[in-house]
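> Sharing a structure below in structure tokens format, with a few things to ask.
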Amino acid sequence: MSDVRMAMSADFLTAFAKLPSRQQRGVRTMITRFERDSTASGLNYEKIANARDPNMRSLRIDGGYRAIVLKPAQGNMHMLLWADKHDEAYQWATRHACSINVETGALQVYEPRQATGPDGSAAAADESRAFGSLKRRELVRLGVPEEMTDEVLELQDESDLEAMAPRLPLEAYDALFLYLAGESYEVLVRAREAPAGPVDASDFATALKHNDSRSRFVVVEDDLELEEMFNAPLERWRVFLHPSQRRLVERHWNGPVRVLGGAGTGKTVVAMHRARWLARTLPPGQRILFTTFTRNLAADIANNLRAICSPEEMERIEVTNLDRWVQRFLRGRRYRFRLVFGRDEEAWREALAKKPDGLMYPDAFYEHEWEQVIQSRGVTSREEYLHVSRTGRGVRLNRAARARIWPVFEEYRVQLSERGVMEVADCYRAAATLLEEDRRGADFAAVIVDEAQDLGAPAWRLIRALAQSDSDDLFIVGDAHQRIYSRRRVVLSHCGIDVRGRARKLRLNYRTTEETRRWAADLLEGRSVDDMDGGRDDNEGIRSVTHGPVPVVRHFATRADQAAWLIEHLAALEVEDQPLRGVCIVARTKPERDAIGRELNQAGVDVEVLEADAPDDSASGVRLATMHRVKGLEFDYIIIASAHADTLPLPAAINTADNPAAAETAERSLLYVAATRAKKELLVLGFGEPSTYLT
């Protein structure tokens, strides 16, 4: 019998995913046999003759495939690093090294070049180069493997660093990138996880506990966990967190936390892992509410949480969108009402009949005043309305004018009450009031909020009432660049939520390529974007970890020309063995989406329409979605179609707005959201008069 323990690198899982199914079964068998008896015949556990690292070994998967494993210098923890065909696996082992960084304590896999300098000698210091002012030990403290410091010292600029990135440990590349972006060495070192004492370069078991190590290695604890990883080897988010993410997840906070980050930076992943960590660490009986803005996102999050949580952990986590929760809560308290989203049309017509003579405000003005001032600020009386702040409204009103229009809103409340109708904001306010008196049905120790930018002030006041713990009470993630439902900016501190000292930002984009990220970010360049707490946010310093083709914008004369090109392009993807379920065609409106669907159906293309409240569980077919529906999803290929002057911006969205500038930003945000769903490639198509966003 053997007491072998195994850890698995993220690269190994990537390699495993590319193996044929027969060899994948062989890997499972190999691991079981190796853990049972590492000397068993048939494993061919042998040293690799020309490996850079003397501890590199190979294990036999079958006659033609090998796994590369790192044998520990001490202890029993073995590292599975790679799997491939026999020759390719051995070549990988000769190019790569795996060692513990003596300054940081992290276990690193990297690919140094064959010599230490262009002529085999160490690089000379040259301060004109990108990192010439740093000493070799300082580079190691930033995460650069000692073997690669000379290479780094030779780099001239950011393009050289980008070219070297695939061979560096991620934390080294991150630090070097931020250094070039203007961050000081001292700040970067302070941000790193420092070892508790002197680093033992042979102690793999300790090194694997380091957050940098955990971003690329996972210790295999049992067969069930191993099988779950092998069932979805490319879903790295389930297992590996970047150190910056893990620092947010695995700690106790003494108050509300707000995490910002551009599209693709893993905010929802962080929130889900936070929920799991709390489910594992909170005292027995305490529960967590995970809430978001829409039903679609709540359903997706619940499915993903089930992939990383045990059934016992899921029992402690309630996942729902806030509207659904508040309806259920109020009905449990014997509230009988009909919920309306937007206005109750009959009641609103009765209210508008009270408009004063002589004030020529359009009906849309009253609707926006009701939504953005009365409901947003929780105004319930004439006196409150006379004094409430109306910051952000496009029309100024003195107190006399407010007094004259107040009867419209007063009448609307009367009409709602007589009809037994409640708007969402009224539900939030009623629930918050009830919770102040009796917390039955809301016994949550912590509340986690995803897509925070789309929630309004009434929702935040309810969330504040829901989360009443002294610590770990609120964990908020969002990005106002993606605000597509609410145009009303919220200041969390005005809702009783103080995030001072606990505001963080994620800067690594894991989903989209750098080329797509830059294209999408340019859509909002120069636009004022808030941080949800009275400050400003931007996309500075955010970068993607992958590269790909530059997004392509194509414009056609007619709809028929667009359809013909789409059909031809999809056929070409199939010829290249790209499954169409990895393609999503996105349109601004449902009519446009459905028109594209009819064109594809007539050409015999298998289409799956993503409806508002339905999960995406079809096995095949190109996906069709609106820009709103695609929020929270991701696909290899995104094709934004029918992006022309009649849809971007949507005239109805601009023409009915009392603040056209804010409406314009919202339309750009919607395009930003759709574009950043693409993992590999983004295409943007239009016909007729071009959209001003694309010219």
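Ligands are numbered from 1 in the order shown, chains are lettered A, B, ... in the order of the structure tokens, and residues start at 1 in each chain.
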I'd like the neighbourhood of region 505-518 of chain A as JSON, numbers by chain, where a residue qualifies if any of its atoms comes within 7 Å (using only C-alpha atoms), though same-chain residues fewer than 6 positions away should be ignored.
{"A": [259, 260, 261, 264, 265, 266, 541, 542, 543, 544, 545, 546, 547, 548, 549, 550, 551, 676, 678, 679, 680, 682]}
> Write to file, as an mmCIF file, in the first residue's frame, the residues of the selection just made, with N, CA, C and O atoms.

data_model
loop_
_atom_site.group_PDB
_atom_site.id
_atom_site.type_symbol
_atom_site.label_atom_id
_atom_site.label_comp_id
_atom_site.auth_asym_id
_atom_site.auth_seq_id
_atom_site.Cartn_x
_atom_site.Cartn_y
_atom_site.Cartn_z
ATOM 1 N N VAL A 259 -17.221 44.988 -4.252
ATOM 2 C CA VAL A 259 -16.216 44.563 -5.218
ATOM 3 C C VAL A 259 -16.648 45.020 -6.610
ATOM 4 O O VAL A 259 -17.702 44.610 -7.102
ATOM 5 N N LEU A 260 -15.849 45.868 -7.224
ATOM 6 C CA LEU A 260 -16.081 46.304 -8.594
ATOM 7 C C LEU A 260 -15.167 45.543 -9.538
ATOM 8 O O LEU A 260 -14.177 44.942 -9.114
ATOM 9 N N GLY A 261 -15.472 45.594 -10.821
ATOM 10 C CA GLY A 261 -14.627 44.949 -11.825
ATOM 11 C C GLY A 261 -15.327 44.963 -13.164
ATOM 12 O O GLY A 261 -16.552 44.824 -13.232
ATOM 13 N N GLY A 264 -16.168 40.221 -17.214
ATOM 14 C CA GLY A 264 -15.226 39.119 -17.380
ATOM 15 C C GLY A 264 -14.175 39.000 -16.305
ATOM 16 O O GLY A 264 -13.324 38.107 -16.372
ATOM 17 N N THR A 265 -14.213 39.866 -15.281
ATOM 18 C CA THR A 265 -13.185 39.812 -14.237
ATOM 19 C C THR A 265 -13.508 38.810 -13.136
ATOM 20 O O THR A 265 -12.743 38.683 -12.175
ATOM 21 N N GLY A 266 -14.623 38.113 -13.247
ATOM 22 C CA GLY A 266 -14.920 37.039 -12.295
ATOM 23 C C GLY A 266 -15.661 37.485 -11.052
ATOM 24 O O GLY A 266 -15.577 36.816 -10.014
ATOM 25 N N GLY A 541 -6.368 50.030 -16.016
ATOM 26 C CA GLY A 541 -5.643 48.974 -15.318
ATOM 27 C C GLY A 541 -6.226 47.589 -15.480
ATOM 28 O O GLY A 541 -5.633 46.610 -15.033
ATOM 29 N N ILE A 542 -7.411 47.466 -16.110
ATOM 30 C CA ILE A 542 -7.988 46.145 -16.349
ATOM 31 C C ILE A 542 -7.382 45.575 -17.625
ATOM 32 O O ILE A 542 -7.194 46.281 -18.613
ATOM 33 N N ARG A 543 -7.060 44.308 -17.615
ATOM 34 C CA ARG A 543 -6.505 43.661 -18.803
ATOM 35 C C ARG A 543 -7.038 42.233 -18.879
ATOM 36 O O ARG A 543 -7.501 41.667 -17.890
ATOM 37 N N SER A 544 -6.946 41.666 -20.073
ATOM 38 C CA SER A 544 -7.367 40.279 -20.291
ATOM 39 C C SER A 544 -6.149 39.369 -20.291
ATOM 40 O O SER A 544 -5.052 39.769 -20.686
ATOM 41 N N VAL A 545 -6.359 38.130 -19.870
ATOM 42 C CA VAL A 545 -5.254 37.181 -19.822
ATOM 43 C C VAL A 545 -5.096 36.429 -21.141
ATOM 44 O O VAL A 545 -4.145 35.661 -21.293
ATOM 45 N N THR A 546 -6.012 36.640 -22.093
ATOM 46 C CA THR A 546 -5.905 35.966 -23.386
ATOM 47 C C THR A 546 -5.962 36.987 -24.518
ATOM 48 O O THR A 546 -6.435 38.112 -24.343
ATOM 49 N N HIS A 547 -5.480 36.566 -25.678
ATOM 50 C CA HIS A 547 -5.517 37.402 -26.876
ATOM 51 C C HIS A 547 -6.254 36.660 -27.987
ATOM 52 O O HIS A 547 -6.399 35.428 -27.952
ATOM 53 N N GLY A 548 -6.718 37.400 -28.969
ATOM 54 C CA GLY A 548 -7.441 36.807 -30.087
ATOM 55 C C GLY A 548 -7.584 37.828 -31.199
ATOM 56 O O GLY A 548 -6.966 38.888 -31.184
ATOM 57 N N PRO A 549 -8.432 37.531 -32.162
ATOM 58 C CA PRO A 549 -8.607 38.448 -33.295
ATOM 59 C C PRO A 549 -9.277 39.749 -32.876
ATOM 60 O O PRO A 549 -10.070 39.786 -31.933
ATOM 61 N N VAL A 550 -8.965 40.806 -33.589
ATOM 62 C CA VAL A 550 -9.623 42.092 -33.371
ATOM 63 C C VAL A 550 -11.087 41.966 -33.806
ATOM 64 O O VAL A 550 -11.381 41.359 -34.844
ATOM 65 N N PRO A 551 -12.041 42.480 -33.021
ATOM 66 C CA PRO A 551 -13.448 42.404 -33.434
ATOM 67 C C PRO A 551 -13.660 42.988 -34.831
ATOM 68 O O PRO A 551 -13.044 43.996 -35.200
ATOM 69 N N THR A 676 -19.075 41.864 -24.512
ATOM 70 C CA THR A 676 -18.176 41.205 -23.558
ATOM 71 C C THR A 676 -18.658 39.818 -23.150
ATOM 72 O O THR A 676 -18.079 39.202 -22.250
ATOM 73 N N ALA A 678 -18.359 37.519 -25.366
ATOM 74 C CA ALA A 678 -17.547 36.713 -26.293
ATOM 75 C C ALA A 678 -16.264 36.256 -25.625
ATOM 76 O O ALA A 678 -15.518 37.065 -25.076
ATOM 77 N N LYS A 679 -15.988 34.960 -25.708
ATOM 78 C CA LYS A 679 -14.735 34.421 -25.174
ATOM 79 C C LYS A 679 -13.636 34.392 -26.226
ATOM 80 O O LYS A 679 -12.477 34.658 -25.927
ATOM 81 N N LYS A 680 -13.974 34.039 -27.450
ATOM 82 C CA LYS A 680 -12.959 33.894 -28.491
ATOM 83 C C LYS A 680 -13.020 34.984 -29.554
ATOM 84 O O LYS A 680 -12.000 35.513 -29.964
ATOM 85 N N LEU A 682 -15.550 38.248 -31.559
ATOM 86 C CA LEU A 682 -16.715 39.125 -31.633
ATOM 87 C C LEU A 682 -16.877 39.630 -33.052
ATOM 88 O O LEU A 682 -15.925 40.128 -33.663
#
> Leaving out Ser642 (chain A) and any residue of its chain fewer than 5 positions from it, which residues lie within 9 Å of it when counting only C-alpha atoms, given as a ChimeraX atom specification?
/A:559,562,586-588,592-593,596,647-648,684-687
> Only N, CA and C atoms, please: the residues just picked out, written as a PDB file, in the first residue's frame.

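Just written: result.pdb:
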ATOM      1  N   ARG A 559     -31.023  43.792 -45.363  1.00  0.00           N
ATOM      2  CA  ARG A 559     -31.203  42.690 -44.427  1.00  0.00           C
ATOM      3  C   ARG A 559     -30.873  41.351 -45.085  1.00  0.00           C
ATOM      4  N   GLN A 562     -27.218  40.713 -45.056  1.00  0.00           N
ATOM      5  CA  GLN A 562     -26.760  40.297 -43.728  1.00  0.00           C
ATOM      6  C   GLN A 562     -27.091  38.827 -43.482  1.00  0.00           C
ATOM      7  N   VAL A 586     -26.886  37.981 -31.232  1.00  0.00           N
ATOM      8  CA  VAL A 586     -27.534  38.889 -30.292  1.00  0.00           C
ATOM      9  C   VAL A 586     -28.140  40.069 -31.046  1.00  0.00           C
ATOM     10  N   ALA A 587     -29.374  40.401 -30.723  1.00  0.00           N
ATOM     11  CA  ALA A 587     -30.054  41.545 -31.333  1.00  0.00           C
ATOM     12  C   ALA A 587     -30.553  42.487 -30.245  1.00  0.00           C
ATOM     13  N   ARG A 588     -30.770  43.735 -30.607  1.00  0.00           N
ATOM     14  CA  ARG A 588     -31.208  44.727 -29.620  1.00  0.00           C
ATOM     15  C   ARG A 588     -32.628  44.477 -29.157  1.00  0.00           C
ATOM     16  N   GLU A 592     -36.272  41.974 -33.816  1.00  0.00           N
ATOM     17  CA  GLU A 592     -35.069  41.731 -34.623  1.00  0.00           C
ATOM     18  C   GLU A 592     -34.545  40.317 -34.391  1.00  0.00           C
ATOM     19  N   ARG A 593     -34.531  39.898 -33.145  1.00  0.00           N
ATOM     20  CA  ARG A 593     -34.092  38.533 -32.827  1.00  0.00           C
ATOM     21  C   ARG A 593     -34.929  37.506 -33.571  1.00  0.00           C
ATOM     22  N   ILE A 596     -34.301  37.389 -37.394  1.00  0.00           N
ATOM     23  CA  ILE A 596     -33.067  36.653 -37.707  1.00  0.00           C
ATOM     24  C   ILE A 596     -33.309  35.154 -37.565  1.00  0.00           C
ATOM     25  N   THR A 647     -31.627  50.680 -34.468  1.00  0.00           N
ATOM     26  CA  THR A 647     -31.609  49.854 -33.256  1.00  0.00           C
ATOM     27  C   THR A 647     -30.567  50.309 -32.240  1.00  0.00           C
ATOM     28  N   LEU A 648     -29.488  50.949 -32.674  1.00  0.00           N
ATOM     29  CA  LEU A 648     -28.412  51.386 -31.784  1.00  0.00           C
ATOM     30  C   LEU A 648     -28.048  52.842 -32.072  1.00  0.00           C
ATOM     31  N   VAL A 684     -19.661  42.099 -35.376  1.00  0.00           N
ATOM     32  CA  VAL A 684     -20.769  43.043 -35.290  1.00  0.00           C
ATOM     33  C   VAL A 684     -21.267  43.324 -36.704  1.00  0.00           C
ATOM     34  N   LEU A 685     -22.557  43.069 -36.932  1.00  0.00           N
ATOM     35  CA  LEU A 685     -23.142  43.196 -38.260  1.00  0.00           C
ATOM     36  C   LEU A 685     -24.269  44.229 -38.251  1.00  0.00           C
ATOM     37  N   GLY A 686     -24.429  44.921 -39.371  1.00  0.00           N
ATOM     38  CA  GLY A 686     -25.539  45.854 -39.521  1.00  0.00           C
ATOM     39  C   GLY A 686     -25.894  46.028 -40.981  1.00  0.00           C
ATOM     40  N   PHE A 687     -27.018  46.682 -41.231  1.00  0.00           N
ATOM     41  CA  PHE A 687     -27.416  46.964 -42.612  1.00  0.00           C
ATOM     42  C   PHE A 687     -28.175  48.288 -42.629  1.00  0.00           C
TER      43      PHE A 687
END
> Counting only C-alpha atoms, what is within 12 Å of Thr39 (chain A), bar same-chain residues fewer than 4 positions away, as a PyMOL selection string?
chain A and resi 1-4+30+33-35+43-46+59
> Selection from above, C-alpha atoms, as a PDB file, in the first residue's frame, can you write it?

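The file below, selection-v1.pdb, is the result:
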ATOM      1  CA  MET A   1       0.000   0.000   0.000  1.00  0.00           C
ATOM      2  CA  SER A   2       1.043   3.610  -0.597  1.00  0.00           C
ATOM      3  CA  ASP A   3       0.473   6.866   1.262  1.00  0.00           C
ATOM      4  CA  VAL A   4       0.884   8.933  -1.906  1.00  0.00           C
ATOM      5  CA  MET A  30      -3.673   5.541 -13.544  1.00  0.00           C
ATOM      6  CA  ARG A  33      -3.448   2.746  -9.136  1.00  0.00           C
ATOM      7  CA  PHE A  34      -0.687   5.223  -8.342  1.00  0.00           C
ATOM      8  CA  GLU A  35      -2.343   6.350  -5.106  1.00  0.00           C
ATOM      9  CA  LEU A  43       2.679   2.384 -14.249  1.00  0.00           C
ATOM     10  CA  ASN A  44       6.199   2.812 -15.623  1.00  0.00           C
ATOM     11  CA  TYR A  45       6.948   5.487 -13.036  1.00  0.00           C
ATOM     12  CA  GLU A  46      10.304   6.620 -14.354  1.00  0.00           C
ATOM     13  CA  LEU A  59       3.522   7.797 -15.641  1.00  0.00           C
TER      14      LEU A  59
END
> Let me make sure I understand: among A:Ala181, A:Cys584, A:Val491, A:Ala49, which one has the smallest atom-to-atom distance to Glu540 (chain A) if we use only C-alpha atoms?
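Among the listed residues, A:Ala181 lies closest to Glu540 (chain A).
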> Using only C-alpha atoms, find the one residue out of A:Asn398, A:Ser9, A:Asn296, A:Thr281 that sits nearest to Val218 (chain A).
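Checking each of A:Asn398, A:Ser9, A:Asn296, A:Thr281 against Val218 (chain A), counting only C-alpha atoms, the winner is A:Ser9.
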> What does the distance from CA of Leu600 (chain A) to CA of Glu681 (chain A) come to in Å, to one decimal?
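Computing the Euclidean distance for CA of Leu600 (chain A) and CA of Glu681 (chain A) yields 20.4 Å.
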> List every residue of region 487-591 of chain A that DSSP, applied to the backbone of this structure, places in helix (DSSP H, G or I), and write the result as number ranges by chain.
A: 492-495, 514-522, 559-575, 580-582, 590-591
> Can those selected residues be exported to a file as a PDB file, in the first residue's frame so that it contains C-alpha atoms?

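Output below, filename result39.pdb:
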ATOM      1  CA  LEU A 492     -24.696  52.967  -0.937  1.00  0.00           C
ATOM      2  CA  SER A 493     -23.819  55.140   2.041  1.00  0.00           C
ATOM      3  CA  HIS A 494     -27.160  56.969   1.608  1.00  0.00           C
ATOM      4  CA  CYS A 495     -28.872  53.592   2.069  1.00  0.00           C
ATOM      5  CA  GLU A 514      -7.739  41.765 -24.762  1.00  0.00           C
ATOM      6  CA  GLU A 515      -8.770  42.832 -28.251  1.00  0.00           C
ATOM      7  CA  THR A 516     -12.485  42.431 -27.502  1.00  0.00           C
ATOM      8  CA  ARG A 517     -12.119  44.041 -24.078  1.00  0.00           C
ATOM      9  CA  ARG A 518     -10.532  47.158 -25.571  1.00  0.00           C
ATOM     10  CA  TRP A 519     -13.174  47.400 -28.304  1.00  0.00           C
ATOM     11  CA  ALA A 520     -15.969  47.216 -25.732  1.00  0.00           C
ATOM     12  CA  ALA A 521     -14.293  49.626 -23.310  1.00  0.00           C
ATOM     13  CA  ASP A 522     -13.986  52.223 -26.086  1.00  0.00           C
ATOM     14  CA  ARG A 559     -31.203  42.690 -44.427  1.00  0.00           C
ATOM     15  CA  ALA A 560     -31.006  39.939 -47.052  1.00  0.00           C
ATOM     16  CA  ASP A 561     -27.283  40.582 -47.485  1.00  0.00           C
ATOM     17  CA  GLN A 562     -26.760  40.297 -43.728  1.00  0.00           C
ATOM     18  CA  ALA A 563     -28.736  37.040 -43.593  1.00  0.00           C
ATOM     19  CA  ALA A 564     -26.804  35.530 -46.499  1.00  0.00           C
ATOM     20  CA  TRP A 565     -23.478  36.372 -44.867  1.00  0.00           C
ATOM     21  CA  LEU A 566     -24.637  34.972 -41.508  1.00  0.00           C
ATOM     22  CA  ILE A 567     -25.708  31.672 -43.059  1.00  0.00           C
ATOM     23  CA  GLU A 568     -22.427  31.354 -44.927  1.00  0.00           C
ATOM     24  CA  HIS A 569     -20.392  32.183 -41.828  1.00  0.00           C
ATOM     25  CA  LEU A 570     -22.194  29.615 -39.667  1.00  0.00           C
ATOM     26  CA  ALA A 571     -21.652  26.965 -42.336  1.00  0.00           C
ATOM     27  CA  ALA A 572     -17.928  27.783 -42.349  1.00  0.00           C
ATOM     28  CA  LEU A 573     -17.760  27.338 -38.569  1.00  0.00           C
ATOM     29  CA  GLU A 574     -19.346  23.907 -38.881  1.00  0.00           C
ATOM     30  CA  VAL A 575     -16.797  22.929 -41.522  1.00  0.00           C
ATOM     31  CA  LEU A 580     -22.904  26.007 -33.208  1.00  0.00           C
ATOM     32  CA  ARG A 581     -24.036  25.836 -29.577  1.00  0.00           C
ATOM     33  CA  GLY A 582     -20.933  27.936 -28.885  1.00  0.00           C
ATOM     34  CA  LYS A 590     -37.116  40.762 -29.714  1.00  0.00           C
ATOM     35  CA  PRO A 591     -38.585  41.555 -33.172  1.00  0.00           C
TER      36      PRO A 591
END
> Taking 3 positions as the minimum chain separation for residues in the same chain, which residues sit within 12 Å of Arg95 (chain A) when counting only C-alpha atoms? Answer as a list in words.
Ile48, Asn50, Ala51, Arg52, Asp53, Met56, Trp82, Glu88, Ala89, Tyr90, Gln91, Trp92, Cys98, Val109, Tyr110, Glu111, Pro112, Arg113, Gln114, Ala115 and Arg167 of chain A
> May I ask which of the residues A:Asp11, A:Leu466, A:Ile301, A:Phe341 is the closest one to Leu434 (chain A), counting only C-alpha atoms?
A:Leu466
> Can you tell me which residues surround region 650-666 of chain A at a distance of at most 10 Å, considering only C-alpha atoms, apart from same-chain residues fewer than 2 positions away, and format the answer as a ChimeraX atom specification?
/A:362-365,367-369,392-395,480-488,523-524,527-529,588-589,643-648,668-672
